[in-house]
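Source file: run.cif; contents: mmCIF, C-alpha atoms and all ligand atoms.
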data_model
#
loop_
_atom_site.label_atom_id
_atom_site.label_comp_id
_atom_site.auth_asym_id
_atom_site.auth_seq_id
_atom_site.Cartn_x
_atom_site.Cartn_y
_atom_site.Cartn_z
CA MET S 1092 3.15 35.09 31.33
CA GLY S 1093 5.50 32.18 30.71
CA VAL S 1094 5.43 30.44 27.31
CA ASP S 1095 6.12 26.74 26.98
CA VAL S 1096 8.47 26.02 24.10
CA VAL S 1097 7.71 22.75 22.37
CA GLN S 1098 10.50 21.26 20.32
CA ILE S 1099 9.22 19.68 17.13
CA ARG S 1100 11.15 16.59 16.25
CA ARG S 1101 10.90 14.91 12.85
CA ARG S 1102 9.62 11.37 13.23
CA GLY S 1103 11.77 8.49 12.07
CA TRP S 1104 10.58 6.01 9.44
CA GLY S 1105 7.40 4.27 10.64
CA GLU S 1106 7.35 6.23 13.90
CA THR S 1107 3.86 7.29 14.92
CA MET S 1108 1.54 7.86 17.88
CA ARG S 1109 -1.26 6.02 16.09
CA ARG S 1110 -2.51 2.94 17.84
CA ASP S 1111 -4.58 1.48 14.97
CA ALA S 1112 -3.28 -1.00 12.39
CA TRP S 1113 -2.42 1.79 9.90
CA TRP S 1114 -0.10 -0.47 7.91
CA ILE S 1115 -2.87 -2.87 6.79
CA GLN S 1116 -4.27 -0.65 4.07
CA PRO S 1117 -0.96 0.12 2.32
CA ALA S 1118 0.00 -3.56 2.63
CA ILE S 1119 -3.22 -4.65 0.91
CA VAL S 1120 -2.80 -2.01 -1.80
CA PHE S 1121 0.77 -3.22 -2.37
CA LEU S 1122 -0.37 -6.82 -2.63
CA ILE S 1123 -3.27 -6.18 -5.00
CA LEU S 1124 -1.48 -3.73 -7.29
CA SER S 1125 1.64 -5.92 -7.48
CA SER S 1126 -0.46 -8.98 -8.31
CA PHE S 1127 -2.36 -7.04 -10.96
CA LEU S 1128 0.86 -5.71 -12.52
CA VAL S 1129 2.43 -9.16 -12.64
CA TYR S 1130 -0.67 -10.80 -14.08
CA ALA S 1131 -1.40 -8.03 -16.63
CA THR S 1132 2.21 -8.04 -17.85
CA TRP S 1133 2.21 -11.81 -18.18
CA ALA S 1134 -1.16 -11.80 -19.99
CA ALA S 1135 -0.09 -8.99 -22.32
CA PHE S 1136 2.97 -10.96 -23.48
CA GLN S 1137 1.02 -14.18 -24.12
CA ASN S 1138 -0.39 -13.22 -27.54
CA ALA S 1139 -2.76 -16.19 -27.15
CA HIS S 1140 -6.13 -17.12 -25.66
CA TYR S 1141 -7.44 -13.56 -25.73
CA GLU S 1142 -10.50 -14.40 -27.81
CA TYR S 1143 -13.29 -16.90 -27.55
CA GLY S 1144 -16.09 -16.75 -30.13
CA ASN S 1145 -17.67 -13.31 -29.77
CA TYR S 1146 -15.75 -12.52 -26.56
CA LEU S 1147 -12.57 -10.47 -26.62
CA SER S 1148 -10.38 -9.90 -23.56
CA PRO S 1149 -10.34 -6.20 -22.57
CA PHE S 1150 -6.55 -6.43 -22.30
CA TYR S 1151 -6.47 -6.89 -26.09
CA SER S 1152 -9.18 -4.44 -27.10
CA PRO S 1153 -9.11 -2.78 -29.59
CA LEU S 1154 -7.45 -5.63 -31.48
CA LEU S 1155 -5.43 -3.62 -33.99
CA PHE S 1156 -3.07 -6.35 -35.20
CA GLY S 1157 -2.94 -10.08 -34.67
CA ASP S 1158 -3.57 -13.52 -36.06
CA SER S 1159 -7.29 -13.30 -35.34
CA ALA S 1160 -9.69 -12.72 -38.25
CA SER S 1161 -11.17 -9.80 -36.31
CA ALA S 1162 -7.86 -7.86 -36.13
CA TRP S 1163 -8.44 -4.43 -37.70
CA PHE S 1164 -5.22 -4.19 -39.70
CA GLY S 1165 -4.28 -7.85 -40.14
CA PRO S 1166 -1.27 -9.70 -38.73
CA LYS S 1167 1.81 -8.40 -36.92
CA PRO S 1168 3.16 -5.12 -38.41
CA LEU S 1169 6.22 -5.57 -40.61
CA ARG S 1170 8.17 -2.93 -38.69
CA TRP S 1171 7.70 -4.57 -35.30
CA PRO S 1172 11.13 -4.56 -33.52
CA ALA S 1173 12.75 -7.98 -33.87
CA LEU S 1174 13.93 -7.97 -30.26
CA LEU S 1175 10.47 -7.35 -28.81
CA PRO S 1176 8.08 -10.31 -28.66
CA PHE S 1177 4.90 -9.42 -30.54
CA SER S 1178 1.56 -9.16 -28.81
CA PRO S 1179 -1.39 -6.93 -29.78
CA ALA S 1180 -1.88 -6.03 -26.12
CA LEU S 1181 1.52 -4.32 -25.98
CA ILE S 1182 0.34 -1.75 -28.54
CA ILE S 1183 -2.73 -0.64 -26.63
CA LEU S 1184 -2.14 -1.38 -22.93
CA PRO S 1185 0.14 1.62 -22.29
CA PHE S 1186 -2.92 3.89 -22.58
CA PRO S 1187 -5.21 2.35 -19.92
CA ALA S 1188 -2.13 1.57 -17.81
CA GLY S 1189 -1.00 5.21 -18.03
CA PHE S 1190 -4.50 6.38 -17.13
CA ARG S 1191 -4.54 4.30 -13.95
CA PHE S 1192 -0.92 4.96 -13.06
CA THR S 1193 -1.44 8.73 -13.14
CA CYS S 1194 -4.90 8.67 -11.49
CA TYR S 1195 -5.08 11.00 -8.48
CA TYR S 1196 -6.59 8.30 -6.30
CA TYR S 1197 -4.08 5.58 -7.24
CA ARG S 1198 -1.21 8.03 -6.77
CA GLY S 1199 -2.25 8.59 -3.18
CA ALA S 1200 -2.55 4.85 -2.68
CA TYR S 1201 0.67 3.64 -4.30
CA TYR S 1202 2.87 6.47 -3.00
CA LYS S 1203 2.04 5.09 0.44
CA ALA S 1204 2.14 1.42 -0.47
CA PHE S 1205 5.21 1.29 -2.74
CA TRP S 1206 7.58 3.94 -1.44
CA ALA S 1207 6.14 5.01 1.90
CA ASP S 1208 5.65 8.64 0.98
CA PRO S 1209 4.34 8.75 3.70
CA PRO S 1210 3.55 5.17 4.83
CA SER S 1211 0.24 6.55 6.16
CA CYS S 1212 -1.11 9.79 7.64
CA THR S 1213 1.02 11.01 10.60
CA VAL S 1214 3.50 8.15 10.19
CA GLY S 1215 7.19 9.03 9.77
CA GLU S 1216 8.72 8.85 6.29
CA PRO S 1217 12.03 7.33 5.25
CA ARG S 1218 13.24 10.69 3.80
CA LYS S 1219 13.83 14.26 4.88
CA GLY S 1220 12.99 16.30 1.80
CA TYR S 1221 9.78 16.58 -0.17
CA ARG S 1222 9.89 17.59 -3.80
CA GLY S 1223 6.24 16.87 -4.52
CA GLU S 1224 4.72 16.70 -7.96
CA ARG S 1225 6.05 20.06 -9.10
CA SER S 1226 9.45 18.76 -10.08
CA PHE S 1227 10.83 15.84 -12.05
CA PRO S 1228 9.97 12.98 -12.12
CA LEU S 1229 6.50 13.25 -10.56
CA ILE S 1230 5.60 16.33 -12.55
CA ILE S 1231 5.00 13.84 -15.38
CA GLN S 1232 1.84 12.79 -13.54
CA ASN S 1233 0.22 15.90 -14.99
CA ILE S 1234 -0.12 13.97 -18.22
CA HIS S 1235 -3.20 12.38 -16.65
CA ARG S 1236 -5.61 14.64 -18.53
CA TYR S 1237 -4.26 13.36 -21.86
CA PHE S 1238 -4.62 9.74 -20.80
CA LEU S 1239 -8.21 10.60 -19.93
CA TYR S 1240 -8.92 11.40 -23.59
CA PHE S 1241 -7.68 7.93 -24.56
CA ALA S 1242 -9.66 6.31 -21.74
CA LEU S 1243 -12.86 7.88 -23.07
CA ILE S 1244 -12.14 6.49 -26.53
CA PHE S 1245 -11.39 3.05 -25.07
CA LEU S 1246 -14.82 3.06 -23.43
CA ILE S 1247 -16.35 3.13 -26.91
CA PHE S 1248 -14.33 0.09 -27.98
CA LEU S 1249 -15.18 -1.81 -24.81
CA GLY S 1250 -18.84 -0.90 -25.19
CA HIS S 1251 -18.71 -2.29 -28.70
CA ASP S 1252 -17.10 -5.49 -27.38
CA ALA S 1253 -19.93 -5.83 -24.85
CA TRP S 1254 -22.45 -5.39 -27.67
CA LYS S 1255 -20.64 -7.99 -29.81
CA SER S 1256 -20.67 -10.40 -26.87
CA MET S 1257 -24.47 -10.52 -27.19
CA TRP S 1258 -24.40 -12.00 -30.68
CA PHE S 1259 -23.61 -15.68 -31.04
CA THR S 1260 -23.11 -17.65 -34.22
CA ASP S 1261 -24.57 -21.17 -34.29
CA GLU S 1262 -23.31 -24.29 -36.11
CA VAL S 1263 -25.03 -23.32 -39.38
CA GLY S 1264 -23.46 -19.86 -39.34
CA LYS S 1265 -26.59 -18.01 -38.25
CA THR S 1266 -26.10 -15.12 -35.81
CA HIS S 1267 -28.61 -14.59 -33.05
CA PHE S 1268 -28.97 -12.62 -29.85
CA GLY S 1269 -28.03 -14.31 -26.58
CA ILE S 1270 -26.61 -13.74 -23.14
CA GLY S 1271 -23.81 -15.80 -21.71
CA LEU S 1272 -21.89 -15.31 -18.49
CA GLY S 1273 -19.15 -13.74 -20.63
CA THR S 1274 -21.70 -11.20 -21.94
CA LEU S 1275 -22.54 -10.19 -18.39
CA LEU S 1276 -18.89 -9.91 -17.42
CA LEU S 1277 -17.87 -7.84 -20.45
CA THR S 1278 -20.90 -5.59 -19.94
CA ALA S 1279 -20.12 -5.17 -16.24
CA ASN S 1280 -16.54 -4.38 -17.23
CA VAL S 1281 -17.49 -1.43 -19.43
CA ILE S 1282 -19.99 -0.16 -16.82
CA LEU S 1283 -17.37 -0.26 -14.06
CA LEU S 1284 -14.71 1.34 -16.26
CA GLY S 1285 -17.27 3.97 -17.24
CA GLY S 1286 -18.01 4.73 -13.58
CA TYR S 1287 -14.29 4.98 -12.91
CA THR S 1288 -13.60 7.22 -15.92
CA PHE S 1289 -16.61 9.51 -15.45
CA GLY S 1290 -15.52 10.22 -11.88
CA CYS S 1291 -12.02 11.29 -12.95
CA HIS S 1292 -10.89 14.58 -11.34
CA SER S 1293 -9.61 15.79 -14.68
CA LEU S 1294 -12.97 15.10 -16.30
CA ARG S 1295 -14.70 17.21 -13.65
CA HIS S 1296 -12.42 20.11 -14.46
CA LEU S 1297 -12.79 19.53 -18.15
CA VAL S 1298 -16.58 19.51 -18.21
CA GLY S 1299 -17.26 21.89 -15.35
CA GLY S 1300 -15.09 24.90 -15.57
CA TYR S 1301 -12.04 26.94 -16.32
CA LEU S 1302 -8.63 27.14 -14.73
CA ASP S 1303 -9.78 29.00 -11.61
CA ARG S 1304 -13.60 28.93 -11.54
CA LEU S 1305 -16.63 26.86 -12.39
CA SER S 1306 -18.72 27.53 -15.45
CA ARG S 1307 -22.17 29.08 -15.07
CA ASN S 1308 -23.47 27.33 -18.14
CA PRO S 1309 -26.33 25.04 -16.95
CA VAL S 1310 -25.23 22.12 -19.16
CA ARG S 1311 -21.68 22.30 -17.85
CA LYS S 1312 -22.90 22.71 -14.29
CA THR S 1313 -25.00 19.53 -14.66
CA ALA S 1314 -22.07 17.67 -16.21
CA TYR S 1315 -19.88 18.80 -13.30
CA ALA S 1316 -22.48 17.60 -10.78
CA CYS S 1317 -22.69 14.19 -12.52
CA ALA S 1318 -18.91 13.80 -12.62
CA SER S 1319 -18.71 14.85 -8.96
CA CYS S 1320 -21.30 12.23 -8.10
CA PHE S 1321 -19.14 9.49 -9.65
CA ASN S 1322 -16.07 11.05 -8.11
CA ARG S 1323 -17.39 10.74 -4.56
CA VAL S 1324 -16.85 6.99 -4.74
CA HIS S 1325 -13.93 7.08 -7.17
CA MET S 1326 -11.93 4.70 -5.02
CA ARG S 1327 -14.63 2.02 -5.23
CA TRP S 1328 -14.97 2.38 -8.98
CA ALA S 1329 -11.18 2.18 -9.24
CA TRP S 1330 -10.89 -1.12 -7.39
CA CYS S 1331 -14.02 -2.78 -8.79
CA SER S 1332 -13.03 -1.92 -12.36
CA LEU S 1333 -9.49 -3.20 -11.75
CA PHE S 1334 -10.77 -6.56 -10.50
CA MET S 1335 -13.29 -6.87 -13.29
CA VAL S 1336 -10.91 -6.09 -16.13
CA ALA S 1337 -8.48 -8.72 -14.83
CA PHE S 1338 -11.24 -11.26 -14.29
CA CYS S 1339 -12.62 -10.72 -17.81
CA ASP S 1340 -9.20 -11.56 -19.22
CA ILE S 1341 -8.96 -14.65 -17.01
CA TYR S 1342 -12.48 -15.70 -18.02
CA VAL S 1343 -11.87 -15.39 -21.78
CA ARG S 1344 -8.48 -17.12 -21.37
CA MET S 1345 -10.00 -20.05 -19.48
CA LEU S 1346 -12.77 -20.44 -22.09
CA SER S 1347 -10.27 -20.29 -24.93
CA MET S 1348 -8.06 -22.90 -23.25
CA GLY S 1349 -11.04 -25.17 -22.75
CA VAL S 1350 -10.73 -25.10 -18.96
CA TRP S 1351 -14.09 -23.41 -18.37
CA THR S 1352 -17.34 -23.47 -20.33
CA ASP S 1353 -19.52 -20.43 -20.79
CA PRO S 1354 -22.99 -20.84 -19.19
CA ARG S 1355 -25.65 -19.42 -21.51
CA LEU S 1356 -28.69 -17.77 -19.97
CA PHE S 1357 -30.48 -17.89 -23.32
FE1 LIG R 1401 -8.68 8.82 -11.06
FE2 LIG R 1401 -8.62 10.57 -13.17
S1 LIG R 1401 -8.39 10.93 -11.07
S2 LIG R 1401 -9.02 8.45 -13.16
#

Would you mind writing the structure in this file as structure tokens?
Ligand code: FES
Amino acid sequence: MGVDVVQIRRRGWGETMRRDAWWIQPAIVFLILSSFLVYATWAAFQNAHYEYGNYLSPFYSPLLFGDSASAWFGPKPLRWPALLPFSPALIILPFPAGFRFTCYYYRGAYYKAFWADPPSCTVGEPRKGYRGERSFPLIIQNIHRYFLYFALIFLIFLGHDAWKSMWFTDEVGKTHFGIGLGTLLLTANVILLGGYTFGCHSLRHLVGGYLDRLSRNPVRKTAYACASCFNRVHMRWAWCSLFMVAFCDIYVRMLSMGVWTDPRLF
């Protein structure tokens, strides 16, 4: 019986048999992530308009140092490098940024969007070799689990900020409970970040098992099921939380600059 020999040819960059608009998704990811990076970097260097009454921008939380009366350790540290402009956000943002940057979902998205590795499924790449994440530099992505620990701690701070945003001080200095639009936004922010963090792949492994098998402990099995439930829509949590954290900063900034006013529900 004769055998047909099929020659496999490596596709050139962008070459594909797909007929759908495969490039739209990476283009949108590129646009959104680039815009977020530019805005977050700009906002982090501002060192201004990050607070309004009982609202604190999540980009600046926890507020370790700064001119604000609520800064934990007072003003700018004495040893701050003279060449680097001071901003409290620069001290803390590397942790949430590192968490997102090394996230398994975002990796898949920005490898396609930023360096076409590959541009999309079954679309030719602009390179011949593949070194993967087992060699430098991408092996560094394995640090994700450690960023997760910080992300869990940050959730506590952001939860506390949401709680603080429910307590308003009136003209005579009396504090009372209330809900403003800012309260809703800061609360939604911690809920969305919680949904994103609790669906982390590393968290599933951490709570649910060992290196090569799942735990039989009922508590750990339940925790694994919960984390898996969040994980099923990890992509949605990732994008919604990204939008919300940026919008919370914009909202507090606009209030602080006097451009917007905060509607109070009660
Ligand atoms: Fe996305 Fe860990 S995998 S946050």

Exercise for the section: Could you check how far atom CA of S:Thr1313 sits from atom CA of S:Trp1330, in Å to one decimal? Expected result: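 For atom CA of S:Thr1313 relative to atom CA of S:Trp1330, the distance reads 26.0 Å.
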
Problem - Test item: residues lying within 12 Å of ligand LIG 1401 (chain R) with only C-alpha atoms and all ligand atoms, as a PyMOL selection string - result: chain S and resi 1187-1200+1232-1243+1284-1297+1318-1319+1321-1330+1332-1333

Practice task
Report the distance between atom CA of S:Tyr1141 and atom CA of S:Val1343 in Å, rounded to one decimal place.
Solution key: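 Going from atom CA of S:Tyr1141 over to atom CA of S:Val1343 covers 6.2 Å.
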
Practice task
Return the single residue from S:Leu1181, S:Met1335, S:Val1214, S:Leu1169 that is closest to S:Arg1101, with distances computed using all atoms listed in the file.
Solution key: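 Nearest candidate to S:Arg1101 out of S:Leu1181, S:Met1335, S:Val1214, S:Leu1169: S:Val1214.
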
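Residue nearest S:Phe1245, chosen from S:Ser1152, S:Ser1211, S:Thr1266, S:Thr1260 and counting all atoms listed in the file: S:Ser1152.
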